[in-house]
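Data block below; observations after.
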Amino acid sequence: MLAEVLDMLAPRAGGIYLDGTFGGGGYASAILDVAPCTLWAIDRDPDAVARGADLAARHPGRLHLIQGTIGDMLTLLTGAGVTALDGVVLDLGVSSFQIDDPARGFSFRADGPLDMRMSREGATAADLVNTLPERELADLLYAFGEERLSRRIAKAIVAARAQAPITTTAGLADIIRAVVPKDGSGIDPATRSFQALRIGVNDELGQIEAALTQAAGLLAPGGRLVVVSFHSLEDRIVKRFVTGAAGRTPAPSRHDPRALDARPAPDFRLLTPKALRPGEAETRANPRARSARLRALQRLAAGPAA
Ligand SMILES: C[S@@+](CC[C@H](N)C(=O)[O-])C[C@H]1O[C@@H](n2cnc3c(N)ncnc32)[C@H](O)[C@@H]1O
């Protein structure tokens with residue numbers, strides 16, 4: 001959704017921007033090309049940051065890469081002397097570099113170690129699968145994968161790991177496929193469980209919550225926050241945040257006298273009353289873009305109205 005991101009972010013000469021999910025640097029490169037601005041970029045994956053060195057060298061003094069999480073963006077940026085931004089873009093989820101590399105363990109399409117850590121540190125998916133109590137495993141699959149058969153899958157995992165630890169993506173996928181029937185949608189029965197584990201391993205939803213609040217707080221008047229999400233759990237959090245920040249929360253009851261002064265004027269304006277979706281050409285060229293949703297906010301220039 002590069003064209004839509006650039007349109008919503010509207011980078012301008014002299015502006016200071018943050019790409020909180022640098023990945024392969026596609027958005028970063030485009031932002032640096034459209035305006036003579038400064039770009040800070042964060043990624044929790046050390047490989048992504050290392051790969052960005054070339055792009056930084058092509059834009060001397062304009063691209064500053066930091067390895068860390070967006071949940072820590074306030075500390076990371078203020079530590080680097082940046083206290084206000086003209087725009088922030090977050091392109092959530094995993095990059096194709098991560099998903100296409102079997103050694104990172106995100107995918108069941110090619111066998112690899114059951115890892116899934118974007119930051120390459122902390123507990124792996126294998127750690128969760130082999131140690132979580134059955135009930136917690138089922139809750140994780142249900143909460144982060146919206147998997148209706150979570151209990152059945154957790155039971156099968158616990159039975160399998162009693163024989164031998166589950167260490168590979170293909171091994172886990174086979175265990176899941178043996179107990180989840182195909183539903184005719186063409187979606188692999190292991191998809192939802194793999195999503196759930198990835199979200200759990202990387203605390204993705206907690207990261208998004210923390211990042212949105214900090215990004216909004218860092219925006220200078222007129223600054224914009226643009227977020228691209230890839231599944232409904234992410235989009236739900238983003239939607240709630242942006243509509244709330246723009247004062248679009250449901251009005252309190254008109255019968256409640258406190259309603260008259262309960263809601264302060266918002267500091268933000270919603271740039272996307274409805275989420276933007278990728279165009280047909282983009283989804284044809286890149287089927288993974290199919291579920292993308294873009295939402296954007298702008299900090300009001302004059303501060304809250306009196
Ligand atoms: C969808 S890709 C971004 C692709 C990028 N827009 C591009 O044009 O190449 C997401 C990237 O964000 C990183 N990421 C995901 N969650 C993160 C977090 N909480 N903190 C920092 N980086 C994160 C991932 O490591 C991955 O490299």
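Identifiers in this document derive from the order of the structure tokens: chains are assigned A, B, ..., residues are numbered from 1 separately in each chain, and ligands are numbered from 1 in order of occurrence.
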
(Q) So that I can check the secondary structure, give me every residue of range 2-228 of chain A assigned alpha helix (DSSP H) by backbone DSSP, as a ChimeraX atom specification. (A) /A:2-9,26-34,46-51,53-58,73-79,96-99,125-131,134-145,150-163,169-177,191-201,204-218

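Contact shell of His64 in chain A at 8 Å (only C-alpha atoms; same-chain neighbours under 3 positions omitted): Leu39, Trp40, Ala41, Ala56 and Gly61 of chain A.
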
Okay, now the selection with N, CA, C and O atoms, as an mmCIF file, in the first residue's frame?
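Printed below is result15.cif as written:
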```
data_model
loop_
_atom_site.group_PDB
_atom_site.id
_atom_site.type_symbol
_atom_site.label_atom_id
_atom_site.label_comp_id
_atom_site.auth_asym_id
_atom_site.auth_seq_id
_atom_site.Cartn_x
_atom_site.Cartn_y
_atom_site.Cartn_z
ATOM 1 N N LEU A 39 14.700 10.713 8.108
ATOM 2 C CA LEU A 39 13.901 9.537 8.475
ATOM 3 C C LEU A 39 14.625 8.731 9.543
ATOM 4 O O LEU A 39 15.772 8.320 9.356
ATOM 5 N N TRP A 40 13.915 8.524 10.650
ATOM 6 C CA TRP A 40 14.366 7.563 11.653
ATOM 7 C C TRP A 40 13.658 6.255 11.352
ATOM 8 O O TRP A 40 12.491 6.279 10.930
ATOM 9 N N ALA A 41 14.344 5.156 11.530
ATOM 10 C CA ALA A 41 13.715 3.866 11.227
ATOM 11 C C ALA A 41 14.077 2.875 12.323
ATOM 12 O O ALA A 41 15.222 2.815 12.770
ATOM 13 N N ALA A 56 21.000 3.616 3.934
ATOM 14 C CA ALA A 56 21.508 4.755 4.719
ATOM 15 C C ALA A 56 22.701 5.387 4.002
ATOM 16 O O ALA A 56 22.833 6.618 3.946
ATOM 17 N N GLY A 61 23.359 10.953 6.031
ATOM 18 C CA GLY A 61 22.847 11.841 7.086
ATOM 19 C C GLY A 61 21.334 11.932 7.150
ATOM 20 O O GLY A 61 20.789 12.656 7.985
#
```

Q.
Taking only C-alpha atoms and all ligand atoms and a cut-off of 6 Å, can you tell me which residues surround ligand 1, written as a PyMOL selection string?
A. chain A and resi 21-27+42-45+48+68-71+91-95+118+207

Would you save the residues of that selection, restricted to N, CA and C atoms, as a PDB file, in the first residue's frame?
```
ATOM      1  N   THR A  21       8.697   0.235  11.336  1.00  0.00           N
ATOM      2  CA  THR A  21       8.806  -1.166  10.914  1.00  0.00           C
ATOM      3  C   THR A  21       9.572  -1.199   9.597  1.00  0.00           C
ATOM      4  N   PHE A  22      10.862  -0.972   9.678  1.00  0.00           N
ATOM      5  CA  PHE A  22      11.707  -0.759   8.491  1.00  0.00           C
ATOM      6  C   PHE A  22      11.663  -1.935   7.517  1.00  0.00           C
ATOM      7  N   GLY A  23      11.740  -3.161   8.002  1.00  0.00           N
ATOM      8  CA  GLY A  23      11.640  -4.356   7.147  1.00  0.00           C
ATOM      9  C   GLY A  23      12.669  -4.366   6.033  1.00  0.00           C
ATOM     10  N   GLY A  24      12.183  -4.460   4.791  1.00  0.00           N
ATOM     11  CA  GLY A  24      13.085  -4.447   3.636  1.00  0.00           C
ATOM     12  C   GLY A  24      13.393  -3.035   3.170  1.00  0.00           C
ATOM     13  N   GLY A  25      12.855  -2.031   3.868  1.00  0.00           N
ATOM     14  CA  GLY A  25      13.184  -0.641   3.537  1.00  0.00           C
ATOM     15  C   GLY A  25      12.419  -0.066   2.354  1.00  0.00           C
ATOM     16  N   GLY A  26      11.389  -0.759   1.888  1.00  0.00           N
ATOM     17  CA  GLY A  26      10.623  -0.268   0.731  1.00  0.00           C
ATOM     18  C   GLY A  26       9.934   1.064   1.020  1.00  0.00           C
ATOM     19  N   TYR A  27       9.227   1.156   2.137  1.00  0.00           N
ATOM     20  CA  TYR A  27       8.552   2.415   2.482  1.00  0.00           C
ATOM     21  C   TYR A  27       9.600   3.485   2.771  1.00  0.00           C
ATOM     22  N   ILE A  42      13.057   2.135  12.746  1.00  0.00           N
ATOM     23  CA  ILE A  42      13.231   1.124  13.795  1.00  0.00           C
ATOM     24  C   ILE A  42      12.857  -0.237  13.214  1.00  0.00           C
ATOM     25  N   ASP A  43      13.578  -1.253  13.596  1.00  0.00           N
ATOM     26  CA  ASP A  43      13.111  -2.628  13.379  1.00  0.00           C
ATOM     27  C   ASP A  43      13.681  -3.477  14.503  1.00  0.00           C
ATOM     28  N   ARG A  44      12.890  -4.421  14.961  1.00  0.00           N
ATOM     29  CA  ARG A  44      13.367  -5.269  16.054  1.00  0.00           C
ATOM     30  C   ARG A  44      14.260  -6.388  15.534  1.00  0.00           C
ATOM     31  N   ASP A  45      14.249  -6.580  14.212  1.00  0.00           N
ATOM     32  CA  ASP A  45      15.030  -7.673  13.625  1.00  0.00           C
ATOM     33  C   ASP A  45      16.433  -7.174  13.262  1.00  0.00           C
ATOM     34  N   ALA A  48      17.188  -6.988   9.537  1.00  0.00           N
ATOM     35  CA  ALA A  48      16.584  -5.883   8.785  1.00  0.00           C
ATOM     36  C   ALA A  48      17.436  -4.624   8.937  1.00  0.00           C
ATOM     37  N   GLY A  68      15.378  -2.109  17.688  1.00  0.00           N
ATOM     38  CA  GLY A  68      14.586  -2.090  18.914  1.00  0.00           C
ATOM     39  C   GLY A  68      13.135  -2.279  18.550  1.00  0.00           C
ATOM     40  N   THR A  69      12.276  -2.172  19.561  1.00  0.00           N
ATOM     41  CA  THR A  69      10.854  -2.393  19.281  1.00  0.00           C
ATOM     42  C   THR A  69      10.090  -1.064  19.272  1.00  0.00           C
ATOM     43  N   ILE A  70       8.972  -1.075  18.534  1.00  0.00           N
ATOM     44  CA  ILE A  70       8.147   0.134  18.502  1.00  0.00           C
ATOM     45  C   ILE A  70       7.471   0.370  19.852  1.00  0.00           C
ATOM     46  N   GLY A  71       7.379  -0.685  20.648  1.00  0.00           N
ATOM     47  CA  GLY A  71       6.844  -0.504  21.993  1.00  0.00           C
ATOM     48  C   GLY A  71       7.782   0.317  22.869  1.00  0.00           C
ATOM     49  N   ASP A  91       3.985  -0.451   9.561  1.00  0.00           N
ATOM     50  CA  ASP A  91       3.524  -1.465   8.592  1.00  0.00           C
ATOM     51  C   ASP A  91       3.669  -2.791   9.338  1.00  0.00           C
ATOM     52  N   LEU A  92       2.583  -3.192   9.996  1.00  0.00           N
ATOM     53  CA  LEU A  92       2.684  -4.230  11.032  1.00  0.00           C
ATOM     54  C   LEU A  92       2.920  -5.629  10.473  1.00  0.00           C
ATOM     55  N   GLY A  93       3.365  -6.503  11.355  1.00  0.00           N
ATOM     56  CA  GLY A  93       3.500  -7.911  10.979  1.00  0.00           C
ATOM     57  C   GLY A  93       4.912  -8.281  10.569  1.00  0.00           C
ATOM     58  N   VAL A  94       5.004  -9.387   9.809  1.00  0.00           N
ATOM     59  CA  VAL A  94       6.317  -9.886   9.402  1.00  0.00           C
ATOM     60  C   VAL A  94       6.637  -9.460   7.976  1.00  0.00           C
ATOM     61  N   SER A  95       7.916  -9.412   7.665  1.00  0.00           N
ATOM     62  CA  SER A  95       8.333  -9.045   6.304  1.00  0.00           C
ATOM     63  C   SER A  95       8.457 -10.310   5.464  1.00  0.00           C
ATOM     64  N   MET A 118      11.059 -12.403  15.912  1.00  0.00           N
ATOM     65  CA  MET A 118      11.523 -11.327  15.031  1.00  0.00           C
ATOM     66  C   MET A 118      12.832 -10.740  15.556  1.00  0.00           C
ATOM     67  N   GLN A 207       2.711  -4.833  21.715  1.00  0.00           N
ATOM     68  CA  GLN A 207       3.593  -3.887  21.025  1.00  0.00           C
ATOM     69  C   GLN A 207       2.770  -2.814  20.300  1.00  0.00           C
TER      70      GLN A 207
END
```

Q: Name all residues at most 9 Å from range 228-242 of chain A (count only C-alpha atoms; drop same-chain ones fewer than 4 positions away) and give them as a ChimeraX atom specification.
A: /A:1,5,89-93,144-146,204-205,208-209,212-213,246-249,268-270,275,288-297

Export, as a short mmCIF file (atom, residue, chain, number, x, y, z; two decimals), in the first residue's frame, the selected residues with N, CA, C and O atoms.
```
data_model
loop_
_atom_site.label_atom_id
_atom_site.label_comp_id
_atom_site.auth_asym_id
_atom_site.auth_seq_id
_atom_site.Cartn_x
_atom_site.Cartn_y
_atom_site.Cartn_z
N MET A 1 0.84 -1.21 0.00
CA MET A 1 0.00 0.00 0.00
C MET A 1 0.87 1.25 0.00
O MET A 1 0.56 2.24 0.65
N VAL A 5 0.17 4.95 1.52
CA VAL A 5 0.97 5.36 2.68
C VAL A 5 1.59 6.74 2.42
O VAL A 5 1.52 7.65 3.25
N VAL A 89 5.01 6.03 10.33
CA VAL A 89 4.34 4.95 9.62
C VAL A 89 4.68 3.63 10.29
O VAL A 89 5.83 3.39 10.69
N LEU A 90 3.65 2.80 10.46
CA LEU A 90 3.81 1.46 11.02
C LEU A 90 3.18 0.48 10.05
O LEU A 90 1.99 0.60 9.73
N ASP A 91 3.98 -0.45 9.56
CA ASP A 91 3.52 -1.47 8.59
C ASP A 91 3.67 -2.79 9.34
O ASP A 91 4.74 -3.39 9.35
N LEU A 92 2.58 -3.19 10.00
CA LEU A 92 2.68 -4.23 11.03
C LEU A 92 2.92 -5.63 10.47
O LEU A 92 2.68 -5.89 9.29
N GLY A 93 3.36 -6.50 11.36
CA GLY A 93 3.50 -7.91 10.98
C GLY A 93 4.91 -8.28 10.57
O GLY A 93 5.87 -7.61 10.92
N PHE A 144 -5.31 -15.49 19.92
CA PHE A 144 -4.47 -14.85 18.90
C PHE A 144 -4.63 -15.46 17.51
O PHE A 144 -4.07 -14.96 16.54
N GLY A 145 -5.36 -16.59 17.44
CA GLY A 145 -5.56 -17.21 16.12
C GLY A 145 -7.04 -17.30 15.77
O GLY A 145 -7.39 -17.73 14.69
N GLU A 146 -7.89 -16.92 16.73
CA GLU A 146 -9.34 -17.07 16.55
C GLU A 146 -9.65 -18.50 16.06
O GLU A 146 -10.50 -18.70 15.20
N GLU A 204 2.90 -9.30 19.86
CA GLU A 204 2.60 -8.31 18.82
C GLU A 204 1.49 -7.35 19.22
O GLU A 204 1.57 -6.15 18.92
N LEU A 205 0.45 -7.85 19.90
CA LEU A 205 -0.66 -6.95 20.20
C LEU A 205 -0.27 -5.95 21.29
O LEU A 205 -0.63 -4.77 21.23
N ILE A 208 1.70 -3.24 19.64
CA ILE A 208 0.89 -2.28 18.88
C ILE A 208 0.25 -1.26 19.83
O ILE A 208 0.29 -0.05 19.59
N GLU A 209 -0.32 -1.77 20.92
CA GLU A 209 -0.97 -0.86 21.88
C GLU A 209 0.02 0.19 22.37
O GLU A 209 -0.27 1.39 22.38
N LEU A 212 1.15 2.73 19.47
CA LEU A 212 0.18 3.73 19.01
C LEU A 212 0.15 4.92 19.97
O LEU A 212 0.17 6.08 19.55
N THR A 213 0.12 4.62 21.26
CA THR A 213 0.07 5.69 22.25
C THR A 213 1.32 6.57 22.16
O THR A 213 1.24 7.80 22.16
N ALA A 246 -9.56 10.50 17.82
CA ALA A 246 -10.23 11.54 17.04
C ALA A 246 -11.62 11.87 17.61
O ALA A 246 -12.40 12.57 16.97
N GLY A 247 -11.89 11.35 18.81
CA GLY A 247 -13.15 11.70 19.47
C GLY A 247 -14.36 11.02 18.87
O GLY A 247 -15.48 11.47 19.06
N ARG A 248 -14.13 9.92 18.15
CA ARG A 248 -15.28 9.24 17.53
C ARG A 248 -15.79 8.08 18.39
O ARG A 248 -16.38 7.15 17.88
N THR A 249 -15.50 8.13 19.70
CA THR A 249 -16.04 7.08 20.56
C THR A 249 -17.54 7.27 20.67
O THR A 249 -18.03 8.39 20.49
N PHE A 268 -6.89 15.11 17.67
CA PHE A 268 -6.57 14.47 16.39
C PHE A 268 -7.77 14.46 15.45
O PHE A 268 -8.91 14.47 15.90
N ARG A 269 -7.44 14.39 14.16
CA ARG A 269 -8.49 14.27 13.15
C ARG A 269 -8.25 12.97 12.41
O ARG A 269 -7.10 12.62 12.10
N LEU A 270 -9.34 12.26 12.13
CA LEU A 270 -9.24 10.99 11.42
C LEU A 270 -9.08 11.29 9.92
O LEU A 270 -9.91 11.98 9.34
N ALA A 275 -11.34 2.43 6.73
CA ALA A 275 -10.00 1.92 6.42
C ALA A 275 -9.81 1.84 4.91
O ALA A 275 -10.74 1.49 4.19
N ARG A 288 -0.51 -11.52 -0.63
CA ARG A 288 -0.40 -11.29 0.83
C ARG A 288 -0.97 -9.94 1.23
O ARG A 288 -1.29 -9.72 2.40
N ALA A 289 -1.09 -9.03 0.26
CA ALA A 289 -1.60 -7.69 0.57
C ALA A 289 -3.12 -7.69 0.75
O ALA A 289 -3.70 -6.72 1.24
N ARG A 290 -3.75 -8.82 0.38
CA ARG A 290 -5.22 -8.91 0.35
C ARG A 290 -5.89 -8.41 1.62
O ARG A 290 -6.90 -7.71 1.59
N SER A 291 -5.31 -8.76 2.78
CA SER A 291 -6.00 -8.43 4.02
C SER A 291 -5.53 -7.11 4.64
O SER A 291 -5.92 -6.78 5.75
N ALA A 292 -4.73 -6.34 3.90
CA ALA A 292 -4.19 -5.09 4.48
C ALA A 292 -5.30 -4.04 4.67
O ALA A 292 -6.23 -3.95 3.88
N ARG A 293 -5.16 -3.27 5.76
CA ARG A 293 -6.07 -2.15 6.05
C ARG A 293 -5.22 -0.97 6.47
O ARG A 293 -4.34 -1.13 7.31
N LEU A 294 -5.48 0.20 5.92
CA LEU A 294 -4.69 1.37 6.30
C LEU A 294 -5.58 2.36 7.04
O LEU A 294 -6.68 2.69 6.58
N ARG A 295 -5.12 2.83 8.19
CA ARG A 295 -5.85 3.86 8.95
C ARG A 295 -4.87 4.97 9.30
O ARG A 295 -3.69 4.69 9.56
N ALA A 296 -5.35 6.22 9.29
CA ALA A 296 -4.44 7.34 9.54
C ALA A 296 -5.12 8.44 10.34
O ALA A 296 -6.33 8.65 10.25
N LEU A 297 -4.28 9.14 11.10
CA LEU A 297 -4.70 10.21 12.00
C LEU A 297 -3.83 11.42 11.77
O LEU A 297 -2.66 11.27 11.40
#
```

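If you look at CA of Gly122 in chain A and CA of Val158 in chain A, they are 22.0 Å away from each other.
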